[in-house]
>>> print(open('upload-v2.pdb').read())   # PDB, C-alpha atoms and all ligand atoms
MODEL        1
ATOM      1  CA  MET A   1       0.000   0.000   0.000  1.00  0.00           C
ATOM      2  CA  ILE A   2       1.324   3.436  -0.860  1.00  0.00           C
ATOM      3  CA  PHE A   3       2.116   5.715   2.060  1.00  0.00           C
ATOM      4  CA  LEU A   4      -0.636   8.301   1.393  1.00  0.00           C
ATOM      5  CA  GLU A   5      -3.303   5.598   1.372  1.00  0.00           C
ATOM      6  CA  LEU A   6      -1.873   3.996   4.493  1.00  0.00           C
ATOM      7  CA  VAL A   7      -1.969   7.247   6.458  1.00  0.00           C
ATOM      8  CA  GLN A   8      -5.565   7.844   5.358  1.00  0.00           C
ATOM      9  CA  LYS A   9      -6.493   4.281   6.300  1.00  0.00           C
ATOM     10  CA  ARG A  10      -5.138   4.312   9.884  1.00  0.00           C
ATOM     11  CA  VAL A  11      -7.781   5.100  12.483  1.00  0.00           C
ATOM     12  CA  SER A  12      -8.087   4.429  16.176  1.00  0.00           C
ATOM     13  CA  VAL A  13      -9.984   1.146  16.448  1.00  0.00           C
ATOM     14  CA  ARG A  14     -11.868   0.469  19.676  1.00  0.00           C
ATOM     15  CA  ASP A  15     -13.882  -2.602  18.676  1.00  0.00           C
ATOM     16  CA  TYR A  16     -11.993  -5.870  18.138  1.00  0.00           C
ATOM     17  CA  ILE A  17     -12.503  -9.596  17.760  1.00  0.00           C
ATOM     18  CA  THR A  18     -10.438 -11.948  19.919  1.00  0.00           C
ATOM     19  CA  HIS A  19      -8.741 -13.757  17.015  1.00  0.00           C
ATOM     20  CA  PRO A  20      -5.018 -14.055  17.918  1.00  0.00           C
ATOM     21  CA  ILE A  21      -2.442 -12.226  15.827  1.00  0.00           C
ATOM     22  CA  GLU A  22      -0.119 -14.504  13.898  1.00  0.00           C
ATOM     23  CA  ASP A  23       3.526 -14.451  15.066  1.00  0.00           C
ATOM     24  CA  GLU A  24       4.655 -13.527  11.562  1.00  0.00           C
ATOM     25  CA  LYS A  25       2.521 -10.376  11.691  1.00  0.00           C
ATOM     26  CA  ILE A  26       3.748  -9.491  15.179  1.00  0.00           C
ATOM     27  CA  ASN A  27       7.317  -9.855  13.915  1.00  0.00           C
ATOM     28  CA  GLN A  28       6.611  -7.652  10.895  1.00  0.00           C
ATOM     29  CA  ILE A  29       5.127  -4.934  13.096  1.00  0.00           C
ATOM     30  CA  MET A  30       8.075  -5.043  15.480  1.00  0.00           C
ATOM     31  CA  GLU A  31      10.519  -4.898  12.580  1.00  0.00           C
ATOM     32  CA  MET A  32       8.844  -1.698  11.347  1.00  0.00           C
ATOM     33  CA  GLY A  33       9.292  -0.276  14.846  1.00  0.00           C
ATOM     34  CA  ARG A  34      12.933  -1.313  14.898  1.00  0.00           C
ATOM     35  CA  LEU A  35      13.566   0.693  11.721  1.00  0.00           C
ATOM     36  CA  ALA A  36      12.149   3.946  13.119  1.00  0.00           C
ATOM     37  CA  PRO A  37      14.446   6.978  13.243  1.00  0.00           C
ATOM     38  CA  SER A  38      15.532   8.469  16.565  1.00  0.00           C
ATOM     39  CA  ALA A  39      17.589  11.419  17.727  1.00  0.00           C
ATOM     40  CA  HIS A  40      21.277  10.591  17.298  1.00  0.00           C
ATOM     41  CA  ASN A  41      20.070   7.088  16.397  1.00  0.00           C
ATOM     42  CA  TYR A  42      20.088   6.243  20.103  1.00  0.00           C
ATOM     43  CA  GLN A  43      16.916   4.077  19.803  1.00  0.00           C
ATOM     44  CA  PRO A  44      15.950   4.677  23.450  1.00  0.00           C
ATOM     45  CA  TRP A  45      12.998   2.295  23.374  1.00  0.00           C
ATOM     46  CA  ARG A  46      11.918  -1.082  24.647  1.00  0.00           C
ATOM     47  CA  PHE A  47       8.765  -2.929  23.581  1.00  0.00           C
ATOM     48  CA  VAL A  48       6.882  -5.443  25.679  1.00  0.00           C
ATOM     49  CA  VAL A  49       4.794  -7.704  23.448  1.00  0.00           C
ATOM     50  CA  ILE A  50       1.805  -8.953  25.396  1.00  0.00           C
ATOM     51  CA  THR A  51      -0.463 -11.764  24.211  1.00  0.00           C
ATOM     52  CA  SER A  52      -0.896 -13.955  27.312  1.00  0.00           C
ATOM     53  CA  GLU A  53      -4.084 -13.877  29.354  1.00  0.00           C
ATOM     54  CA  LYS A  54      -2.114 -12.824  32.432  1.00  0.00           C
ATOM     55  CA  GLY A  55      -0.418  -9.970  30.559  1.00  0.00           C
ATOM     56  CA  ARG A  56      -3.648  -8.801  28.959  1.00  0.00           C
ATOM     57  CA  ASP A  57      -5.324  -8.852  32.342  1.00  0.00           C
ATOM     58  CA  SER A  58      -2.513  -6.685  33.723  1.00  0.00           C
ATOM     59  CA  ILE A  59      -3.072  -4.211  30.882  1.00  0.00           C
ATOM     60  CA  PHE A  60      -6.783  -4.159  31.713  1.00  0.00           C
ATOM     61  CA  ARG A  61      -5.924  -3.328  35.310  1.00  0.00           C
ATOM     62  CA  CYS A  62      -3.848  -0.363  34.084  1.00  0.00           C
ATOM     63  CA  TYR A  63      -6.536   0.760  31.640  1.00  0.00           C
ATOM     64  CA  PRO A  64      -9.894  -0.651  32.731  1.00  0.00           C
ATOM     65  CA  ARG A  65     -12.092  -0.103  29.689  1.00  0.00           C
ATOM     66  CA  ASP A  66     -14.509  -2.719  28.373  1.00  0.00           C
ATOM     67  CA  TRP A  67     -13.454  -2.174  24.776  1.00  0.00           C
ATOM     68  CA  ILE A  68      -9.951  -3.539  25.389  1.00  0.00           C
ATOM     69  CA  LYS A  69     -11.206  -6.879  26.800  1.00  0.00           C
ATOM     70  CA  PRO A  70     -11.138  -8.755  23.447  1.00  0.00           C
ATOM     71  CA  VAL A  71      -7.832  -7.249  22.302  1.00  0.00           C
ATOM     72  CA  PRO A  72      -5.424 -10.152  21.527  1.00  0.00           C
ATOM     73  CA  LEU A  73      -2.198  -8.128  21.374  1.00  0.00           C
ATOM     74  CA  PHE A  74      -0.816  -5.189  23.262  1.00  0.00           C
ATOM     75  CA  ILE A  75       2.533  -3.542  22.705  1.00  0.00           C
ATOM     76  CA  LEU A  76       3.743  -1.683  25.735  1.00  0.00           C
ATOM     77  CA  VAL A  77       6.049   1.022  24.405  1.00  0.00           C
ATOM     78  CA  CYS A  78       8.639   2.104  26.967  1.00  0.00           C
ATOM     79  CA  GLY A  79      11.376   4.704  26.970  1.00  0.00           C
ATOM     80  CA  ASN A  80      14.803   4.704  28.542  1.00  0.00           C
ATOM     81  CA  ARG A  81      15.764   8.211  29.716  1.00  0.00           C
ATOM     82  CA  ASP A  82      19.363   7.031  30.201  1.00  0.00           C
ATOM     83  CA  GLU A  83      19.598   6.315  26.464  1.00  0.00           C
ATOM     84  CA  SER A  84      17.770   9.313  25.007  1.00  0.00           C
ATOM     85  CA  TRP A  85      19.481  12.265  23.367  1.00  0.00           C
ATOM     86  CA  LYS A  86      19.555  15.555  25.290  1.00  0.00           C
ATOM     87  CA  ARG A  87      20.174  18.659  23.173  1.00  0.00           C
ATOM     88  CA  LYS A  88      23.264  20.494  24.367  1.00  0.00           C
ATOM     89  CA  SER A  89      21.891  24.025  23.829  1.00  0.00           C
ATOM     90  CA  ASP A  90      18.954  23.631  26.216  1.00  0.00           C
ATOM     91  CA  ASP A  91      19.212  20.073  27.629  1.00  0.00           C
ATOM     92  CA  LYS A  92      15.893  19.144  25.992  1.00  0.00           C
ATOM     93  CA  ASP A  93      15.255  15.418  26.300  1.00  0.00           C
ATOM     94  CA  HIS A  94      14.120  13.987  22.959  1.00  0.00           C
ATOM     95  CA  LEU A  95      12.741  10.731  24.364  1.00  0.00           C
ATOM     96  CA  ASP A  96       9.106  11.658  23.832  1.00  0.00           C
ATOM     97  CA  ILE A  97       9.722  12.694  20.219  1.00  0.00           C
ATOM     98  CA  ASP A  98      11.503   9.411  19.499  1.00  0.00           C
ATOM     99  CA  LEU A  99       8.729   7.403  21.086  1.00  0.00           C
ATOM    100  CA  GLY A 100       6.013   9.341  19.246  1.00  0.00           C
ATOM    101  CA  ILE A 101       7.672   8.476  15.955  1.00  0.00           C
ATOM    102  CA  VAL A 102       8.050   4.777  16.709  1.00  0.00           C
ATOM    103  CA  ILE A 103       4.504   4.529  18.051  1.00  0.00           C
ATOM    104  CA  GLU A 104       2.982   5.861  14.831  1.00  0.00           C
ATOM    105  CA  GLN A 105       5.292   3.640  12.783  1.00  0.00           C
ATOM    106  CA  LEU A 106       4.008   0.589  14.679  1.00  0.00           C
ATOM    107  CA  CYS A 107       0.399   1.670  14.145  1.00  0.00           C
ATOM    108  CA  LEU A 108       0.955   2.180  10.416  1.00  0.00           C
ATOM    109  CA  ALA A 109       2.602  -1.244  10.182  1.00  0.00           C
ATOM    110  CA  ALA A 110      -0.439  -2.813  11.854  1.00  0.00           C
ATOM    111  CA  THR A 111      -2.789  -0.909   9.540  1.00  0.00           C
ATOM    112  CA  ASP A 112      -0.887  -2.143   6.509  1.00  0.00           C
ATOM    113  CA  LEU A 113      -1.672  -5.688   7.683  1.00  0.00           C
ATOM    114  CA  ASP A 114      -5.398  -4.814   7.993  1.00  0.00           C
ATOM    115  CA  LEU A 115      -5.105  -4.819  11.777  1.00  0.00           C
ATOM    116  CA  GLY A 116      -6.796  -2.232  13.932  1.00  0.00           C
ATOM    117  CA  SER A 117      -4.755  -0.275  16.436  1.00  0.00           C
ATOM    118  CA  CYS A 118      -5.184   2.380  19.084  1.00  0.00           C
ATOM    119  CA  ILE A 119      -2.620   4.413  20.998  1.00  0.00           C
ATOM    120  CA  ILE A 120      -3.435   4.468  24.710  1.00  0.00           C
ATOM    121  CA  CYS A 121      -1.694   6.905  27.061  1.00  0.00           C
ATOM    122  CA  ASN A 122      -4.397   7.508  29.655  1.00  0.00           C
ATOM    123  CA  PHE A 123      -3.379   4.544  31.815  1.00  0.00           C
ATOM    124  CA  ASP A 124      -2.067   4.030  35.335  1.00  0.00           C
ATOM    125  CA  THR A 125       1.683   4.227  34.775  1.00  0.00           C
ATOM    126  CA  ASP A 126       2.658   3.451  38.391  1.00  0.00           C
ATOM    127  CA  LEU A 127       0.626   0.261  38.356  1.00  0.00           C
ATOM    128  CA  CYS A 128       2.059  -0.579  34.931  1.00  0.00           C
ATOM    129  CA  ARG A 129       5.609  -0.215  36.257  1.00  0.00           C
ATOM    130  CA  THR A 130       4.842  -2.605  39.085  1.00  0.00           C
ATOM    131  CA  LEU A 131       2.939  -5.210  37.070  1.00  0.00           C
ATOM    132  CA  PHE A 132       5.576  -5.373  34.331  1.00  0.00           C
ATOM    133  CA  ASN A 133       8.651  -5.256  36.618  1.00  0.00           C
ATOM    134  CA  MET A 134      10.065  -2.102  35.071  1.00  0.00           C
ATOM    135  CA  PRO A 135      13.517  -0.973  36.162  1.00  0.00           C
ATOM    136  CA  GLU A 136      13.826   2.579  37.524  1.00  0.00           C
ATOM    137  CA  ASN A 137      15.221   4.073  34.289  1.00  0.00           C
ATOM    138  CA  ILE A 138      12.433   2.676  32.093  1.00  0.00           C
ATOM    139  CA  GLU A 139       9.170   4.517  31.723  1.00  0.00           C
ATOM    140  CA  PRO A 140       5.953   3.279  30.191  1.00  0.00           C
ATOM    141  CA  GLU A 141       4.963   5.699  27.423  1.00  0.00           C
ATOM    142  CA  ALA A 142       2.024   4.117  25.605  1.00  0.00           C
ATOM    143  CA  ILE A 143       0.022   0.958  25.267  1.00  0.00           C
ATOM    144  CA  LEU A 144      -0.888  -0.020  21.719  1.00  0.00           C
ATOM    145  CA  SER A 145      -3.925  -2.214  21.258  1.00  0.00           C
ATOM    146  CA  ILE A 146      -3.714  -4.302  18.113  1.00  0.00           C
ATOM    147  CA  GLY A 147      -6.227  -6.753  16.700  1.00  0.00           C
ATOM    148  CA  TYR A 148      -8.591  -7.613  13.908  1.00  0.00           C
ATOM    149  CA  PRO A 149     -11.366  -5.022  13.881  1.00  0.00           C
ATOM    150  CA  ALA A 150     -14.900  -6.219  14.575  1.00  0.00           C
ATOM    151  CA  ASP A 151     -15.906  -4.304  11.455  1.00  0.00           C
ATOM    152  CA  PRO A 152     -13.327  -4.798   8.672  1.00  0.00           C
ATOM    153  CA  ASP A 153     -14.741  -1.706   6.942  1.00  0.00           C
ATOM    154  CA  VAL A 154     -13.799   0.519   9.888  1.00  0.00           C
ATOM    155  CA  PHE A 155     -10.824   1.824   7.911  1.00  0.00           C
ATOM    156  CA  ILE A 156     -12.986   3.249   5.141  1.00  0.00           C
ATOM    157  CA  LYS A 157     -16.039   4.133   7.236  1.00  0.00           C
ATOM    158  CA  THR A 158     -14.366   6.286   9.883  1.00  0.00           C
ATOM    159  CA  GLN A 159     -14.262   9.992   9.128  1.00  0.00           C
ATOM    160  CA  LYS A 160     -11.112  11.803  10.212  1.00  0.00           C
ATOM    161  CA  LYS A 161     -11.851  14.844  12.342  1.00  0.00           C
ATOM    162  CA  ARG A 162      -9.020  17.269  11.775  1.00  0.00           C
ATOM    163  CA  LYS A 163      -8.354  21.006  11.693  1.00  0.00           C
ATOM    164  CA  GLY A 164      -8.145  22.480   8.213  1.00  0.00           C
ATOM    165  CA  ILE A 165      -4.768  23.014   6.562  1.00  0.00           C
ATOM    166  CA  SER A 166      -5.192  26.819   6.771  1.00  0.00           C
ATOM    167  CA  GLU A 167      -5.585  26.576  10.555  1.00  0.00           C
ATOM    168  CA  ILE A 168      -2.336  24.728  11.108  1.00  0.00           C
ATOM    169  CA  VAL A 169       0.056  25.567   8.283  1.00  0.00           C
ATOM    170  CA  LEU A 170       1.887  28.887   8.077  1.00  0.00           C
ATOM    171  CA  ARG A 171       4.134  30.074   5.284  1.00  0.00           C
ATOM    172  CA  GLU A 172       7.556  31.474   6.109  1.00  0.00           C
ATOM    173  CA  SER A 173       6.678  32.729   9.654  1.00  0.00           C
ATOM    174  CA  PHE A 174       3.917  33.157  12.237  1.00  0.00           C
TER
HETATM  175  C1  LIG B 201      -0.458  10.471  22.414  1.00  0.00           C
HETATM  176  C2  LIG B 201      -1.819   9.861  22.210  1.00  0.00           C
HETATM  177  C3  LIG B 201      -2.513   9.362  23.314  1.00  0.00           C
HETATM  178  C4  LIG B 201      -3.759   8.753  23.141  1.00  0.00           C
HETATM  179  N1  LIG B 201      -4.371   8.180  24.229  1.00  0.00           N
HETATM  180  C5  LIG B 201      -5.568   7.566  24.050  1.00  0.00           C
HETATM  181  C6  LIG B 201      -6.187   6.894  25.150  1.00  0.00           C
HETATM  182  O1  LIG B 201      -5.687   6.852  26.274  1.00  0.00           O
HETATM  183  N2  LIG B 201      -7.392   6.277  24.924  1.00  0.00           N
HETATM  184  C7  LIG B 201      -7.977   6.279  23.685  1.00  0.00           C
HETATM  185  O2  LIG B 201      -9.039   5.688  23.533  1.00  0.00           O
HETATM  186  N3  LIG B 201      -7.390   6.899  22.620  1.00  0.00           N
HETATM  187  C8  LIG B 201      -6.217   7.535  22.776  1.00  0.00           C
HETATM  188  N4  LIG B 201      -5.598   8.124  21.710  1.00  0.00           N
HETATM  189  C9  LIG B 201      -6.234   8.101  20.369  1.00  0.00           C
HETATM  190  C10 LIG B 201      -6.746   9.491  19.952  1.00  0.00           C
HETATM  191  O3  LIG B 201      -7.932   9.763  20.635  1.00  0.00           O
HETATM  192  C11 LIG B 201      -6.949   9.497  18.433  1.00  0.00           C
HETATM  193  O4  LIG B 201      -5.717   9.268  17.787  1.00  0.00           O
HETATM  194  C12 LIG B 201      -7.502  10.837  17.932  1.00  0.00           C
HETATM  195  O5  LIG B 201      -8.806  11.049  18.437  1.00  0.00           O
HETATM  196  C13 LIG B 201      -7.572  10.890  16.399  1.00  0.00           C
HETATM  197  O6  LIG B 201      -8.383   9.842  15.906  1.00  0.00           O
HETATM  198  P1  LIG B 201      -7.805   8.733  14.903  1.00  0.00           P
HETATM  199  O7  LIG B 201      -6.661   8.034  15.606  1.00  0.00           O
HETATM  200  O8  LIG B 201      -8.955   7.787  14.673  1.00  0.00           O
HETATM  201  O9  LIG B 201      -7.350   9.395  13.650  1.00  0.00           O
HETATM  202  C14 LIG B 201      -4.356   8.707  21.854  1.00  0.00           C
HETATM  203  C15 LIG B 201      -3.641   9.214  20.758  1.00  0.00           C
HETATM  204  C16 LIG B 201      -2.387   9.768  20.924  1.00  0.00           C
HETATM  205  C17 LIG B 201      -1.640  10.273  19.712  1.00  0.00           C
ENDMDL
END
>>> encode(input="upload-v2.pdb", output="structure tokens")
Amino acid sequence: MIFLELVQKRVSVRDYITHPIEDEKINQIMEMGRLAPSAHNYQPWRFVVITSEKGRDSIFRCYPRDWIKPVPLFILVCGNRDESWKRKSDDKDHLDIDLGIVIEQLCLAATDLDLGSCIICNFDTDLCRTLFNMPENIEPEAILSIGYPADPDVFIKTQKKRKGISEIVLRESF
């Protein structure tokens, strides 16, 4: 699928069937994440692939919403502040930018395989740290839900709600 079509196709899916995701597809998605760019190429990320009942239950405890109950695959995207690039001029930590890029790359990879995905950040990060044995320097950034959508037409049916180009794009300066 060409990139423009893929970006148009990706939507947040919040209605899934329980059908497990094939290992080959999980590997393809993770490979697309592995190839993501990062500041200084430091790749300050770790991914926890969660398919077990115990792991999925732990995710539900961190983000208790009924719609995630059937989700067969979660990717817990974590950052390592010890590995991220800090800009010398102002010490800005680029971890969040790196993770934002890899997260969208994973979602696009899932979409390309006709899998639904949703980025979840509104979860209990302290509980997540505990349940997934995270070391001190690792922080949970996002949970990605991935699965076959209950409605395979969700990709074409869902309208994108976005600001208009003239509201967000400026030419040459503010
Ligand atoms: C950083 C980030 C955090 C998000 N957190 C959540 C979340 O906790 N729960 C949720 O249902 N959707 C979450 N979303 C999905 C957004 O609501 C969704 O991307 C946005 O409404 C645009 O819709 P679309 O993804 O269908 O294009 C998040 C998206 C981003 C980028």
>>> resolve_selection(input="upload-v2.pdb", expression="the PyMOL selection byres (((chain A and resi 86) around 12) and not hetatm)", output="list in words")
Ser38, Ala39, His40, Tyr42, Pro44, Arg81, Asp82, Glu83, Ser84, Trp85, Arg87, Lys88, Ser89, Asp90, Asp91, Lys92, Asp93, His94, Leu95, Asp96, Ile97 and Asp98 of chain A
>>> write_last_selection(input="upload-v2.pdb", atoms="C-alpha atoms", output="short mmCIF file (atom, residue, chain, number, x, y, z; two decimals), in the frame of the given file")
data_model
loop_
_atom_site.label_atom_id
_atom_site.label_comp_id
_atom_site.auth_asym_id
_atom_site.auth_seq_id
_atom_site.Cartn_x
_atom_site.Cartn_y
_atom_site.Cartn_z
CA SER A 38 15.53 8.47 16.57
CA ALA A 39 17.59 11.42 17.73
CA HIS A 40 21.28 10.59 17.30
CA TYR A 42 20.09 6.24 20.10
CA PRO A 44 15.95 4.68 23.45
CA ARG A 81 15.76 8.21 29.72
CA ASP A 82 19.36 7.03 30.20
CA GLU A 83 19.60 6.32 26.46
CA SER A 84 17.77 9.31 25.01
CA TRP A 85 19.48 12.26 23.37
CA ARG A 87 20.17 18.66 23.17
CA LYS A 88 23.26 20.49 24.37
CA SER A 89 21.89 24.02 23.83
CA ASP A 90 18.95 23.63 26.22
CA ASP A 91 19.21 20.07 27.63
CA LYS A 92 15.89 19.14 25.99
CA ASP A 93 15.26 15.42 26.30
CA HIS A 94 14.12 13.99 22.96
CA LEU A 95 12.74 10.73 24.36
CA ASP A 96 9.11 11.66 23.83
CA ILE A 97 9.72 12.69 20.22
CA ASP A 98 11.50 9.41 19.50
#
>>> residues_near_ligand(input="upload-v2.pdb", ligand="ligand LIG 201 (chain B)", cutoff="7 Å", atoms="all atoms listed in the file", output="PDB file with C-alpha atoms, in the coordinates of the input")
ATOM      1  CA  ARG A  10      -5.138   4.312   9.884  1.00  0.00           C
ATOM      2  CA  VAL A  11      -7.781   5.100  12.483  1.00  0.00           C
ATOM      3  CA  SER A  12      -8.087   4.429  16.176  1.00  0.00           C
ATOM      4  CA  VAL A  13      -9.984   1.146  16.448  1.00  0.00           C
ATOM      5  CA  CYS A 118      -5.184   2.380  19.084  1.00  0.00           C
ATOM      6  CA  ILE A 119      -2.620   4.413  20.998  1.00  0.00           C
ATOM      7  CA  ILE A 120      -3.435   4.468  24.710  1.00  0.00           C
ATOM      8  CA  CYS A 121      -1.694   6.905  27.061  1.00  0.00           C
ATOM      9  CA  ASN A 122      -4.397   7.508  29.655  1.00  0.00           C
ATOM     10  CA  PHE A 123      -3.379   4.544  31.815  1.00  0.00           C
ATOM     11  CA  LYS A 160     -11.112  11.803  10.212  1.00  0.00           C
TER      12      LYS A 160
END
>>> atom_distance(input="upload-v2.pdb", atom1="atom CA of A:Glu24", atom2="atom CA of A:Ala110")
11.9 Å
>>> resolve_selection(input="upload-v2.pdb", expression="the PyMOL selection byres (((chain A and resi 113) around 12) and not hetatm)", output="VMD selection string")
chain A and resid 1 6 9 to 10 21 to 22 24 to 29 32 106 to 112 114 to 117 146 to 149 152 155
>>> resolve_selection(input="upload-v2.pdb", expression="the PyMOL selection byres (((chain A and resi 55-68) around 7) and not hetatm)", output="JSON, numbers by chain")
{"A": [14, 15, 50, 51, 52, 53, 54, 69, 70, 71, 123, 124, 127, 128, 131]}
>>> axis_aligned_box(input="upload-v2.pdb", around="stretch 10-15 of chain A", padding_each_side="5 Å", output="AutoDock Vina command-line options")
--center_x -9.5 --center_y 1.2 --center_z 14.8 --size_x 18.7 --size_y 17.7 --size_z 19.8
>>> closest_residue(input="upload-v2.pdb", among="A:Met30, A:Val77, A:Leu170, A:Ile17", to="A:Arg129", atoms="all atoms listed in the file")
A:Val77
>>> atom_distance(input="upload-v2.pdb", atom1="atom CA of A:Leu73", atom2="atom CA of A:His19")
9.7 Å
>>> atom_distance(input="upload-v2.pdb", atom1="atom CA of A:Glu141", atom2="atom CA of A:Cys78")
5.2 Å
>>> residues_near_point(input="upload-v2.pdb", point="(3.4, -0.1, 25.6)", cutoff="8 Å", atoms="only C-alpha atoms", output="list of chain:residue names")
A:Phe47, A:Val48, A:Phe74, A:Ile75, A:Leu76, A:Val77, A:Cys78, A:Pro140, A:Glu141, A:Ala142, A:Ile143, A:Leu144
>>> closest_residue(input="upload-v2.pdb", among="A:Ile165, A:Ile101, A:Met134, A:Leu4", to="A:Gly33", atoms="only C-alpha atoms")
A:Ile101
